[in-house]
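K.L.:
work.txt is reproduced in full below (compact mmCIF, C-alpha atoms).
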# COMPACT_ATOMS: atom_id res chain seq x y z
CA MET A 26 -0.54 -36.64 33.39
CA THR A 27 1.83 -36.59 36.34
CA THR A 28 2.63 -32.87 36.75
CA ARG A 29 0.93 -31.33 39.83
CA TRP A 30 0.82 -27.77 41.09
CA THR A 31 1.37 -27.51 44.87
CA LEU A 32 0.84 -24.67 47.32
CA SER A 33 4.28 -24.87 48.90
CA PRO A 34 6.76 -22.08 47.98
CA ARG A 35 9.13 -24.62 46.45
CA GLY A 36 6.29 -26.21 44.48
CA ARG A 37 5.07 -22.84 43.21
CA LEU A 38 8.58 -21.85 42.15
CA LYS A 39 9.09 -25.18 40.40
CA GLY A 40 5.77 -24.79 38.61
CA ILE A 41 6.60 -21.26 37.48
CA LEU A 42 10.03 -22.30 36.20
CA LEU A 43 8.50 -25.29 34.38
CA PHE A 44 5.91 -23.07 32.74
CA PHE A 45 8.54 -20.63 31.46
CA ALA A 46 10.61 -23.55 30.17
CA VAL A 47 7.63 -24.95 28.24
CA MET A 48 6.06 -21.61 27.21
CA GLY A 49 6.17 -20.75 23.55
CA PRO A 50 4.20 -22.94 21.11
CA GLY A 51 0.74 -21.98 22.38
CA LEU A 52 1.44 -18.28 22.86
CA ILE A 53 3.25 -17.89 19.52
CA THR A 54 0.54 -19.76 17.59
CA ALA A 55 -2.27 -17.75 19.19
CA LEU A 56 -0.78 -14.33 18.55
CA ALA A 57 0.40 -15.15 15.03
CA ASP A 58 -3.28 -15.82 14.30
CA ASN A 59 -3.85 -12.07 14.77
CA ASP A 60 -2.12 -11.45 11.45
CA ALA A 61 -2.76 -8.80 8.79
CA GLY A 62 -5.98 -10.49 7.67
CA GLY A 63 -7.24 -10.92 11.22
CA ILE A 64 -6.47 -7.30 12.16
CA ALA A 65 -8.24 -6.11 9.00
CA THR A 66 -11.31 -8.21 9.85
CA TYR A 67 -11.54 -6.92 13.44
CA SER A 68 -10.93 -3.34 12.28
CA LEU A 69 -13.71 -3.56 9.70
CA ALA A 70 -16.06 -5.17 12.23
CA GLY A 71 -15.60 -2.30 14.67
CA ALA A 72 -15.58 0.49 12.08
CA HIS A 73 -18.67 -0.69 10.19
CA PHE A 74 -20.78 -2.34 12.90
CA GLY A 75 -19.69 -0.69 16.15
CA LEU A 76 -19.83 -2.84 19.27
CA THR A 77 -22.48 -5.23 17.92
CA LEU A 78 -19.98 -7.99 17.11
CA MET A 79 -18.04 -7.89 20.38
CA TRP A 80 -20.08 -10.77 21.81
CA THR A 81 -18.54 -13.19 19.29
CA LEU A 82 -15.17 -13.05 21.07
CA LEU A 83 -16.16 -15.21 24.05
CA PRO A 84 -17.40 -18.23 22.04
CA THR A 85 -14.38 -17.72 19.79
CA LEU A 86 -12.11 -18.10 22.81
CA VAL A 87 -13.79 -21.40 23.76
CA ALA A 88 -13.32 -22.77 20.24
CA LEU A 89 -9.67 -21.70 20.14
CA VAL A 90 -8.83 -23.32 23.47
CA VAL A 91 -10.62 -26.59 22.61
CA VAL A 92 -9.00 -27.06 19.21
CA GLN A 93 -5.47 -25.97 20.12
CA GLU A 94 -5.42 -27.95 23.38
CA MET A 95 -6.05 -31.11 21.37
CA CYS A 96 -3.08 -30.27 19.14
CA ALA A 97 -0.82 -29.70 22.12
CA ARG A 98 -1.97 -32.92 23.79
CA MET A 99 -1.36 -35.00 20.65
CA GLY A 100 2.11 -33.53 20.30
CA VAL A 101 2.92 -34.16 23.97
CA VAL A 102 1.67 -37.77 23.96
CA THR A 103 2.81 -38.99 20.53
CA GLY A 104 5.94 -36.92 19.95
CA LYS A 105 4.80 -36.51 16.33
CA GLY A 106 3.47 -33.61 14.26
CA LEU A 107 -0.10 -33.54 12.95
CA ALA A 108 0.97 -34.04 9.32
CA ASP A 109 3.04 -37.05 10.36
CA LEU A 110 0.06 -38.62 12.16
CA ILE A 111 -2.29 -37.99 9.23
CA ARG A 112 0.13 -39.70 6.85
CA GLU A 113 0.56 -42.70 9.18
CA GLN A 114 -3.11 -43.17 9.99
CA PHE A 115 -4.90 -42.10 6.80
CA GLY A 116 -2.37 -42.81 4.07
CA VAL A 117 -0.07 -40.96 1.70
CA ARG A 118 -2.82 -39.96 -0.76
CA VAL A 119 -4.87 -38.27 1.93
CA ALA A 120 -1.77 -36.54 3.31
CA PHE A 121 -0.82 -35.33 -0.18
CA THR A 122 -4.30 -33.87 -0.79
CA VAL A 123 -4.23 -32.12 2.58
CA MET A 124 -0.80 -30.67 1.86
CA VAL A 125 -1.86 -29.31 -1.55
CA LEU A 126 -4.77 -27.47 0.04
CA LEU A 127 -2.59 -26.28 2.92
CA VAL A 128 0.10 -24.84 0.65
CA LEU A 129 -2.52 -23.04 -1.48
CA ALA A 130 -4.24 -21.59 1.58
CA ASN A 131 -1.01 -20.57 3.28
CA LEU A 132 0.45 -19.01 0.15
CA GLY A 133 -2.47 -16.61 -0.09
CA ASN A 134 -2.08 -15.75 3.57
CA ILE A 135 1.68 -15.24 3.20
CA LEU A 136 1.03 -12.73 0.41
CA ALA A 137 -1.36 -10.90 2.73
CA GLU A 138 1.31 -10.72 5.45
CA PHE A 139 3.88 -9.12 3.15
CA ALA A 140 1.19 -6.74 1.89
CA GLY A 141 0.61 -5.83 5.55
CA ILE A 142 4.32 -5.11 6.04
CA ALA A 143 4.32 -2.81 3.02
CA ALA A 144 1.09 -0.99 3.97
CA SER A 145 2.03 -0.44 7.62
CA LEU A 146 5.47 1.01 6.88
CA GLU A 147 4.10 3.25 4.14
CA ILE A 148 2.25 5.03 6.96
CA PHE A 149 5.71 5.91 8.33
CA GLY A 150 6.85 7.06 4.87
CA ILE A 151 8.87 3.94 3.93
CA SER A 152 8.42 2.63 0.39
CA LYS A 153 7.50 -1.02 -0.10
CA TYR A 154 10.49 -1.35 -2.44
CA ILE A 155 12.65 -0.81 0.63
CA SER A 156 10.57 -2.45 3.38
CA LEU A 157 9.78 -5.73 1.61
CA PRO A 158 13.33 -6.79 0.60
CA ILE A 159 14.66 -5.90 4.06
CA GLY A 160 11.73 -7.57 5.84
CA ALA A 161 11.95 -10.72 3.72
CA PHE A 162 15.70 -11.04 4.28
CA ALA A 163 15.31 -10.53 8.04
CA VAL A 164 12.61 -13.20 8.25
CA TRP A 165 14.64 -15.63 6.13
CA ARG A 166 17.89 -15.13 8.03
CA LEU A 167 16.25 -15.46 11.43
CA VAL A 168 15.04 -19.01 10.76
CA VAL A 169 17.71 -20.32 8.40
CA LYS A 170 20.69 -19.07 10.42
CA GLY A 171 19.25 -19.07 13.95
CA THR A 172 18.83 -21.88 16.47
CA GLY A 173 15.43 -23.12 17.58
CA ARG A 174 15.82 -21.56 21.04
CA PHE A 175 16.93 -18.19 19.63
CA VAL A 176 14.10 -18.12 17.06
CA GLU A 177 11.53 -18.85 19.76
CA LYS A 178 12.91 -16.05 21.96
CA VAL A 179 12.62 -13.59 19.07
CA PHE A 180 9.04 -14.71 18.46
CA LEU A 181 8.20 -14.25 22.15
CA VAL A 182 9.64 -10.73 22.08
CA LEU A 183 7.49 -9.96 19.03
CA CYS A 184 4.48 -11.16 21.03
CA LEU A 185 5.05 -8.28 23.47
CA VAL A 186 4.56 -5.72 20.69
CA TYR A 187 0.90 -6.78 20.51
CA LEU A 188 0.49 -4.70 23.68
CA ALA A 189 0.33 -1.75 21.26
CA TYR A 190 -3.33 -2.60 20.62
CA PRO A 191 -4.54 -2.51 24.24
CA ILE A 192 -2.65 0.78 24.70
CA SER A 193 -4.21 2.32 21.57
CA GLY A 194 -7.58 1.00 22.76
CA PHE A 195 -7.30 2.86 26.06
CA MET A 196 -6.26 5.99 24.16
CA ALA A 197 -9.64 5.86 22.38
CA HIS A 198 -11.34 6.59 25.76
CA PRO A 199 -14.24 4.12 25.44
CA LYS A 200 -17.30 4.00 27.68
CA TRP A 201 -16.41 0.78 29.45
CA GLY A 202 -19.93 -0.01 30.64
CA GLU A 203 -21.22 -0.07 27.06
CA VAL A 204 -18.23 -2.09 25.88
CA LEU A 205 -18.56 -4.76 28.57
CA LEU A 206 -22.33 -5.07 28.03
CA ALA A 207 -21.79 -5.55 24.28
CA THR A 208 -19.19 -8.24 25.02
CA VAL A 209 -21.59 -10.44 27.00
CA LYS A 210 -24.92 -9.61 25.30
CA PRO A 211 -25.40 -11.32 21.89
CA THR A 212 -26.72 -9.05 19.14
CA PHE A 213 -28.22 -10.40 15.92
CA ARG A 214 -29.14 -8.63 12.70
CA ARG A 215 -30.55 -10.14 9.54
CA ASP A 216 -28.91 -7.94 6.91
CA PRO A 217 -26.42 -9.82 4.67
CA ALA A 218 -23.51 -7.47 5.43
CA TYR A 219 -23.79 -8.09 9.17
CA LEU A 220 -24.10 -11.85 8.72
CA ALA A 221 -21.07 -11.90 6.41
CA MET A 222 -19.02 -9.97 8.96
CA LEU A 223 -20.27 -12.21 11.77
CA ILE A 224 -19.03 -15.24 9.85
CA GLY A 225 -15.78 -13.48 9.04
CA VAL A 226 -14.99 -12.50 12.64
CA ILE A 227 -15.54 -16.01 13.98
CA GLY A 228 -14.22 -17.85 10.93
CA THR A 229 -10.94 -15.93 10.80
CA THR A 230 -9.92 -17.14 14.25
CA ILE A 231 -9.11 -20.78 13.51
CA ALA A 232 -6.94 -21.45 10.46
CA PRO A 233 -5.57 -24.89 9.49
CA TRP A 234 -1.94 -23.76 9.75
CA MET A 235 -2.40 -23.19 13.50
CA GLN A 236 -3.01 -26.85 14.28
CA PHE A 237 0.00 -27.99 12.25
CA TYR A 238 2.35 -25.34 13.63
CA GLN A 239 1.55 -25.71 17.31
CA GLN A 240 1.82 -29.49 17.31
CA SER A 241 5.11 -29.38 15.39
CA ALA A 242 6.47 -26.72 17.77
CA VAL A 243 5.53 -28.83 20.80
CA VAL A 244 7.33 -31.83 19.30
CA GLU A 245 10.46 -29.91 18.28
CA LYS A 246 10.72 -28.38 21.75
CA GLY A 247 10.67 -31.86 23.27
CA ILE A 248 7.68 -31.29 25.55
CA GLY A 249 6.71 -34.65 27.09
CA PRO A 250 3.68 -35.98 29.01
CA GLU A 251 5.17 -34.87 32.32
CA HIS A 252 4.97 -31.27 31.06
CA TYR A 253 1.36 -31.43 29.88
CA HIS A 254 -0.09 -29.04 32.47
CA ALA A 255 2.53 -26.41 31.67
CA SER A 256 1.79 -26.86 27.96
CA LEU A 257 -1.93 -26.48 28.70
CA MET A 258 -1.28 -23.22 30.53
CA ASP A 259 0.80 -21.99 27.60
CA THR A 260 -2.09 -22.75 25.24
CA VAL A 261 -4.81 -21.17 27.40
CA ILE A 262 -2.80 -18.02 28.16
CA GLY A 263 -1.92 -17.65 24.47
CA MET A 264 -5.53 -17.98 23.32
CA VAL A 265 -6.76 -15.53 25.98
CA PHE A 266 -4.09 -13.00 24.98
CA SER A 267 -5.05 -13.43 21.31
CA VAL A 268 -8.72 -12.71 21.99
CA VAL A 269 -7.83 -9.75 24.23
CA VAL A 270 -5.91 -8.24 21.30
CA ALA A 271 -8.91 -8.82 19.02
CA PHE A 272 -11.13 -7.20 21.66
CA PHE A 273 -9.10 -3.99 21.75
CA ILE A 274 -8.77 -3.75 17.95
CA THR A 275 -12.53 -4.09 17.47
CA MET A 276 -13.36 -1.79 20.36
CA ALA A 277 -10.92 0.96 19.34
CA CYS A 278 -12.38 1.13 15.83
CA ALA A 279 -15.95 0.92 17.14
CA VAL A 280 -15.71 3.85 19.57
CA THR A 281 -13.86 6.08 17.11
CA LEU A 282 -14.42 5.24 13.44
CA PHE A 283 -17.96 3.87 13.76
CA GLN A 284 -19.17 6.74 15.93
CA HIS A 285 -17.82 9.27 13.41
CA HIS A 286 -19.15 7.32 10.38
CA VAL A 287 -15.66 6.72 8.99
CA HIS A 288 -15.54 3.76 6.60
CA ILE A 289 -12.31 1.92 5.89
CA SER A 290 -11.24 -0.88 3.57
CA ASP A 291 -8.27 -2.39 5.43
CA ALA A 292 -6.23 -2.29 8.63
CA ALA A 293 -3.83 0.35 7.32
CA GLY A 294 -6.82 2.57 6.60
CA ALA A 295 -7.92 2.11 10.21
CA ALA A 296 -4.51 3.26 11.46
CA ARG A 297 -4.66 6.41 9.32
CA ALA A 298 -8.25 7.20 10.26
CA LEU A 299 -7.55 6.90 14.00
CA GLU A 300 -5.17 9.88 14.02
CA PRO A 301 -7.73 12.74 13.99
CA LEU A 302 -10.06 10.82 16.34
CA ALA A 303 -7.80 9.19 18.94
CA GLY A 304 -4.54 11.08 18.44
CA VAL A 305 -1.34 10.59 16.50
CA TYR A 306 0.13 8.23 19.09
CA ALA A 307 -2.85 5.87 18.94
CA SER A 308 -2.62 5.89 15.14
CA LYS A 309 1.11 5.14 15.11
CA LEU A 310 0.72 2.40 17.73
CA PHE A 311 -1.99 0.78 15.63
CA ALA A 312 0.27 0.92 12.56
CA LEU A 313 3.20 -0.45 14.58
CA GLY A 314 0.99 -3.32 15.72
CA LEU A 315 0.04 -4.07 12.11
CA PHE A 316 3.69 -4.11 11.04
CA ASN A 317 4.67 -6.39 13.92
CA ALA A 318 1.75 -8.76 13.29
CA SER A 319 2.51 -8.95 9.57
CA LEU A 320 6.24 -9.53 10.10
CA PHE A 321 5.51 -12.10 12.81
CA ALA A 322 3.04 -14.06 10.68
CA ALA A 323 5.34 -13.74 7.63
CA SER A 324 7.83 -15.78 9.70
CA ILE A 325 5.36 -18.28 11.17
CA LEU A 326 3.24 -19.18 8.13
CA PRO A 327 6.13 -20.26 5.85
CA LEU A 328 7.66 -22.11 8.81
CA SER A 329 4.38 -23.89 9.54
CA THR A 330 4.01 -24.83 5.87
CA ALA A 331 7.55 -26.20 5.70
CA TYR A 332 7.01 -28.27 8.86
CA SER A 333 3.75 -29.72 7.57
CA VAL A 334 4.87 -30.61 4.05
CA CYS A 335 8.15 -32.16 5.18
CA GLU A 336 6.46 -34.17 7.95
CA SER A 337 3.89 -35.54 5.51
CA PHE A 338 6.65 -36.82 3.19
CA GLY A 339 8.98 -38.00 5.94
CA TRP A 340 11.66 -35.39 5.24
CA GLU A 341 13.93 -33.91 7.90
CA THR A 342 12.64 -30.82 9.70
CA GLY A 343 13.81 -28.49 12.43
CA VAL A 344 15.17 -24.98 12.85
CA ASP A 345 18.15 -26.40 14.74
CA ARG A 346 19.32 -28.30 11.65
CA ARG A 347 21.65 -26.90 9.03
CA PHE A 348 20.45 -26.14 5.50
CA MET A 349 22.21 -29.20 4.04
CA GLU A 350 20.75 -31.45 6.76
CA ALA A 351 17.16 -30.45 5.90
CA PRO A 352 17.29 -29.03 2.36
CA GLN A 353 13.59 -29.60 1.61
CA PHE A 354 12.55 -27.88 4.85
CA PHE A 355 14.70 -24.78 4.42
CA GLY A 356 14.27 -24.77 0.64
CA LEU A 357 10.47 -24.61 0.89
CA TYR A 358 10.71 -21.95 3.61
CA THR A 359 12.98 -19.86 1.38
CA PHE A 360 10.75 -20.33 -1.68
CA LEU A 361 7.61 -19.19 0.16
CA ILE A 362 9.30 -16.04 1.46
CA ILE A 363 10.69 -15.12 -1.98
CA VAL A 364 7.29 -15.62 -3.60
CA GLY A 365 5.43 -13.82 -0.80
CA ALA A 366 7.59 -10.69 -0.90
CA GLY A 367 8.31 -10.76 -4.62
CA VAL A 368 4.69 -10.95 -5.74
CA ILE A 369 3.66 -7.92 -3.67
CA LEU A 370 6.28 -5.88 -5.53
CA ILE A 371 4.52 -6.60 -8.85
CA PRO A 372 2.41 -3.57 -9.85
CA HIS A 373 -1.36 -4.22 -10.06
CA PHE A 374 -1.10 -7.79 -8.83
CA PRO A 375 -4.64 -9.16 -8.15
CA LEU A 376 -4.05 -9.75 -4.43
CA LEU A 377 -7.75 -9.83 -3.54
CA LYS A 378 -8.42 -12.70 -5.94
CA VAL A 379 -5.52 -14.70 -4.51
CA MET A 380 -6.81 -14.08 -1.00
CA TYR A 381 -10.28 -15.27 -2.06
CA PHE A 382 -8.80 -18.50 -3.40
CA SER A 383 -6.81 -18.96 -0.20
CA GLN A 384 -10.02 -18.61 1.81
CA VAL A 385 -11.63 -21.27 -0.37
CA ALA A 386 -8.71 -23.59 0.33
CA ASN A 387 -8.97 -22.81 4.05
CA GLY A 388 -12.67 -23.61 3.96
CA MET A 389 -12.10 -26.92 2.23
CA LEU A 390 -9.26 -27.89 4.54
CA LEU A 391 -10.49 -26.88 7.99
CA PRO A 392 -13.39 -29.40 8.19
CA LEU A 393 -11.03 -32.21 7.16
CA ILE A 394 -8.40 -31.23 9.72
CA LEU A 395 -10.88 -30.97 12.59
CA ILE A 396 -12.38 -34.38 11.77
CA PHE A 397 -8.93 -35.96 11.44
CA MET A 398 -7.92 -34.46 14.79
CA LEU A 399 -10.99 -35.81 16.58
CA LYS A 400 -10.46 -39.27 15.12
CA LEU A 401 -6.79 -39.25 16.07
CA ILE A 402 -7.25 -37.97 19.61
CA ASN A 403 -9.94 -40.59 20.35
CA ASP A 404 -7.80 -43.48 19.08
CA ARG A 405 -6.46 -45.34 22.13
CA SER A 406 -3.78 -47.04 20.04
CA ILE A 407 -2.30 -43.56 19.51
CA MET A 408 -3.26 -41.65 22.67
CA GLY A 409 -3.50 -44.40 25.30
CA ASP A 410 -5.56 -43.15 28.24
CA LYS A 411 -5.15 -39.53 27.12
CA VAL A 412 -8.10 -39.66 24.71
CA ASN A 413 -10.89 -37.12 25.06
CA SER A 414 -13.39 -37.58 27.88
CA PRO A 415 -17.08 -37.87 26.82
CA LEU A 416 -17.75 -34.31 28.01
CA PHE A 417 -14.73 -32.95 26.16
CA ASN A 418 -15.82 -34.81 23.02
CA VAL A 419 -19.21 -33.09 23.18
CA ILE A 420 -17.52 -29.70 23.52
CA ALA A 421 -14.95 -30.49 20.81
CA TRP A 422 -17.46 -31.86 18.28
CA THR A 423 -19.83 -28.94 18.90
CA ALA A 424 -17.07 -26.36 18.52
CA SER A 425 -15.77 -28.13 15.42
CA ALA A 426 -19.25 -28.35 13.87
CA VAL A 427 -19.85 -24.64 14.45
CA MET A 428 -16.44 -23.71 13.00
CA ILE A 429 -17.02 -25.95 9.98
CA LEU A 430 -20.43 -24.40 9.24
CA LEU A 431 -19.14 -20.86 9.70
CA THR A 432 -16.06 -21.44 7.57
CA LEU A 433 -18.09 -23.01 4.76
CA ALA A 434 -20.57 -20.13 4.94
CA LEU A 435 -17.66 -17.66 4.78
CA VAL A 436 -16.26 -19.42 1.71
CA VAL A 437 -19.63 -19.38 -0.05
CA SER A 438 -20.15 -15.69 0.69
CA GLN A 439 -16.67 -14.79 -0.54
CA VAL A 440 -16.97 -16.86 -3.72
CA MET A 441 -20.34 -15.29 -4.48
CA GLY A 442 -18.87 -11.84 -3.92
CA TRP A 443 -15.90 -12.64 -6.15
CA MET A 444 -18.14 -13.92 -8.95
What would you get if you wrote out this structure as structure tokens?
P.N.:
Amino acid sequence: MTTRWTLSPRGRLKGILLFFAVMGPGLITALADNDAGGIATYSLAGAHFGLTLMWTLLPTLVALVVVQEMCARMGVVTGKGLADLIREQFGVRVAFTVMVLLVLANLGNILAEFAGIAASLEIFGISKYISLPIGAFAVWRLVVKGTGRFVEKVFLVLCLVYLAYPISGFMAHPKWGEVLLATVKPTFRRDPAYLAMLIGVIGTTIAPWMQFYQQSAVVEKGIGPEHYHASLMDTVIGMVFSVVVAFFITMACAVTLFQHHVHISDAAGAARALEPLAGVYASKLFALGLFNASLFAASILPLSTAYSVCESFGWETGVDRRFMEAPQFFGLYTFLIIVGAGVILIPHFPLLKVMYFSQVANGMLLPLILIFMLKLINDRSIMGDKVNSPLFNVIAWTASAVMILLTLALVVSQVMGWM
């Protein structure tokens, strides 16, 4: 890669401007991963197990950076999305199977995001019969009527709202020495509940949609090999910010809810329970963060799904296109939003069962995606001299193997619990 960072004032300024021009795909992907399901998982981990799971965040960060950097590099070098490369290199049948699993997994997650929108705004006294139609229309109009540059700017602004979690974390007044020690000192317990939560915390961090979305976003933004280092910085900063948010969510619930033996069942419950322990402002900030994360992911997940499916079938994609220029792309995006918001309005809908099935689909899909990625990024006919180094392959295969085992274990535990 040809981009170099120099120490001269002009070089530093050029580097900073280049970074801000390239910034977006990595940061947006990373923070959208802290969606309603992720926030619920971190909240439950802190509320039910205190600080004992904080140590998982550092290895999680390594896995996130390794996997998402490979996506960014493939997008930069090939100029093609991940679904496009899978179809070209592994065939239409394989691509079709991957897309079926991806749509099933993402649909369950999309339902969870709209459920998060409804639950978070109910804390502020707004009925879901008002919040969901308005939220769904806002999400739909943003992408269908906006330009790619405008949509990305809106997403970046939404990223700033995640600062609500660090602020609410400080409001909990933690003992920082204990928190930092728990973050670097691994703690293991043998009870099934702890092991299930351990798997959940690590397994929830890497979802198949992330790889597809980031690579497609890199390609649509036109980021080339000369911008690789800026794209790498975007990815690393995004993943670090994502894990920092997870850190403060877990910590805030650990030093308040866990210490006062308050049990919760979801992220909205955590927001309500924080009020008498950390103050009304901490509670409202937590709820605001949940709403923002749910609305953000409710935009990203349908968009990622539309990108992936259309790439795998060779259909036109792109936010900058008009509806009639990419009818399959915008049509699928519209369909997923209508289903996601509409289903949550159905009384007594079995959301938990749908989410279980989506986790099963995620568990089946993630190992395939990671293996496909490693095969693609080590193919010199595709990547040229930008294939993985031997050391990076060791790190990547190890991280992938761990994520595969954890995800499969998570799926098994959830299926057993559902049965």
K.L.:
Which residue, A:Leu167, A:Leu391, A:Phe316, A:Gly49, has the smallest gap to Ile151 of chain A when you use all atoms listed in the file?
P.N.:
A:Phe316
K.L.:
Need to verify the contact set: Leu401 of chain A, 9 Å, all atoms listed in the file, exclusion of same-chain residues closer than 4 positions in sequence. Can you return it as a list in words?
P.N.:
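That gives Met99, Leu110, Ile111, Gln114, Ile396, Phe397, Arg405, Ile407, Met408 and Val412 of chain A.
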K.L.:
Please indicate the distance in Å from atom CA of Phe273 of chain A to atom CA of Glu138 of chain A, rounded to one decimal place.
P.N.:
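Value for the atom CA of Phe273 of chain A-atom CA of Glu138 of chain A distance: 20.5 Å.
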K.L.:
Excluding Trp340 of chain A and its own-chain neighbours fewer than 3 positions away, which residues fall within 9 Å of it when counting all atoms listed in the file? Please give them as a PyMOL selection string.
P.N.:
chain A and resi 334-337+351-354
K.L.:
Of the candidates A:Ala97, A:Ala242, A:Cys278, A:Ala298, which shows the shortest atom-to-atom distance to Gly75 of chain A, using only C-alpha atoms?
P.N.:
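Nearest to Gly75 of chain A: A:Cys278.
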K.L.:
Is there a way to get, as a VMD selection string, all residues within 12 Å of the point (11.3, -10.8, -4.5) in file coordinates, counting all atoms listed in the file?
P.N.:
chain A and resid 136 139 153 to 162 359 to 371
K.L.:
Quick one: residues within 12 Å of Lys170 of chain A, only C-alpha atoms, excluding same-chain residues fewer than 6 positions away - as a PyMOL selection string?
P.N.:
chain A and resi 162-164+176+343-348+355+359
K.L.:
For those residues, write C-alpha atoms to a file as a short mmCIF file (atom, residue, chain, number, x, y, z; two decimals), in the coordinates of the input.
P.N.:
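So part_15.cif came out as:
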data_model
loop_
_atom_site.label_atom_id
_atom_site.label_comp_id
_atom_site.auth_asym_id
_atom_site.auth_seq_id
_atom_site.Cartn_x
_atom_site.Cartn_y
_atom_site.Cartn_z
CA PHE A 162 15.70 -11.04 4.28
CA ALA A 163 15.31 -10.53 8.04
CA VAL A 164 12.61 -13.20 8.25
CA VAL A 176 14.10 -18.12 17.06
CA GLY A 343 13.81 -28.49 12.43
CA VAL A 344 15.17 -24.98 12.85
CA ASP A 345 18.15 -26.40 14.74
CA ARG A 346 19.32 -28.30 11.65
CA ARG A 347 21.65 -26.90 9.03
CA PHE A 348 20.45 -26.14 5.50
CA PHE A 355 14.70 -24.78 4.42
CA THR A 359 12.98 -19.86 1.38
#
K.L.:
What's the separation between atom CA of Asn134 of chain A and atom CA of Ser329 of chain A, in Å to one decimal place?
P.N.:
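Distance between the two atoms: 12.0 Å.
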K.L.:
Using all atoms listed in the file, which protein or nucleic acid residues come within 7 Å of Ala386 of chain A? Drop anything in the same chain fewer than 5 positions from it, and give the result as a PyMOL selection string.
P.N.:
chain A and resi 126+129-130
K.L.:
Nearest to Pro84 of chain A: which of A:Met428, A:Val287, A:Met222, A:Ala295 is it, counting all atoms listed in the file?
P.N.:
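Ranking A:Met428, A:Val287, A:Met222, A:Ala295 by distance to Pro84 of chain A, first place goes to A:Met428.
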K.L.:
Would you please work out which residue, of A:Val280, A:Ala72, A:Ile248, A:Ala120, is nearest to Glu203 of chain A when using all atoms listed in the file?
P.N.:
A:Val280
K.L.:
For each of A:Phe272, A:Tyr358, A:Phe115, A:Phe283, take the minimum atom-to-atom distance to Trp165 of chain A, counting only C-alpha atoms, then give the residue where this is smallest.
P.N.:
A:Tyr358
K.L.:
Please, could N, CA and C atoms be added to segment 390-401 of chain A and the result written as a PDB file, in the frame of the given file?
P.N.:
ATOM      1  N   LEU A 390     -10.210 -27.146   3.715  1.00  0.00           N
ATOM      2  CA  LEU A 390      -9.260 -27.890   4.540  1.00  0.00           C
ATOM      3  C   LEU A 390      -9.667 -27.978   6.000  1.00  0.00           C
ATOM      4  N   LEU A 391     -10.203 -26.901   6.565  1.00  0.00           N
ATOM      5  CA  LEU A 391     -10.490 -26.880   7.990  1.00  0.00           C
ATOM      6  C   LEU A 391     -11.423 -28.013   8.443  1.00  0.00           C
ATOM      7  N   PRO A 392     -12.547 -28.279   7.750  1.00  0.00           N
ATOM      8  CA  PRO A 392     -13.390 -29.400   8.190  1.00  0.00           C
ATOM      9  C   PRO A 392     -12.638 -30.722   8.224  1.00  0.00           C
ATOM     10  N   LEU A 393     -11.804 -30.962   7.203  1.00  0.00           N
ATOM     11  CA  LEU A 393     -11.030 -32.210   7.160  1.00  0.00           C
ATOM     12  C   LEU A 393     -10.084 -32.303   8.360  1.00  0.00           C
ATOM     13  N   ILE A 394      -9.382 -31.217   8.642  1.00  0.00           N
ATOM     14  CA  ILE A 394      -8.400 -31.230   9.720  1.00  0.00           C
ATOM     15  C   ILE A 394      -9.073 -31.474  11.070  1.00  0.00           C
ATOM     16  N   LEU A 395     -10.189 -30.795  11.315  1.00  0.00           N
ATOM     17  CA  LEU A 395     -10.880 -30.970  12.590  1.00  0.00           C
ATOM     18  C   LEU A 395     -11.390 -32.396  12.767  1.00  0.00           C
ATOM     19  N   ILE A 396     -11.901 -32.989  11.691  1.00  0.00           N
ATOM     20  CA  ILE A 396     -12.380 -34.380  11.770  1.00  0.00           C
ATOM     21  C   ILE A 396     -11.205 -35.334  11.977  1.00  0.00           C
ATOM     22  N   PHE A 397     -10.121 -35.127  11.247  1.00  0.00           N
ATOM     23  CA  PHE A 397      -8.930 -35.960  11.440  1.00  0.00           C
ATOM     24  C   PHE A 397      -8.445 -35.872  12.881  1.00  0.00           C
ATOM     25  N   MET A 398      -8.397 -34.656  13.421  1.00  0.00           N
ATOM     26  CA  MET A 398      -7.920 -34.460  14.790  1.00  0.00           C
ATOM     27  C   MET A 398      -8.776 -35.226  15.795  1.00  0.00           C
ATOM     28  N   LEU A 399     -10.100 -35.145  15.634  1.00  0.00           N
ATOM     29  CA  LEU A 399     -10.990 -35.810  16.580  1.00  0.00           C
ATOM     30  C   LEU A 399     -10.887 -37.326  16.479  1.00  0.00           C
ATOM     31  N   LYS A 400     -10.668 -37.822  15.273  1.00  0.00           N
ATOM     32  CA  LYS A 400     -10.460 -39.270  15.120  1.00  0.00           C
ATOM     33  C   LYS A 400      -9.142 -39.703  15.759  1.00  0.00           C
ATOM     34  N   LEU A 401      -8.100 -38.912  15.534  1.00  0.00           N
ATOM     35  CA  LEU A 401      -6.790 -39.250  16.070  1.00  0.00           C
ATOM     36  C   LEU A 401      -6.775 -39.201  17.595  1.00  0.00           C
TER      37      LEU A 401
END
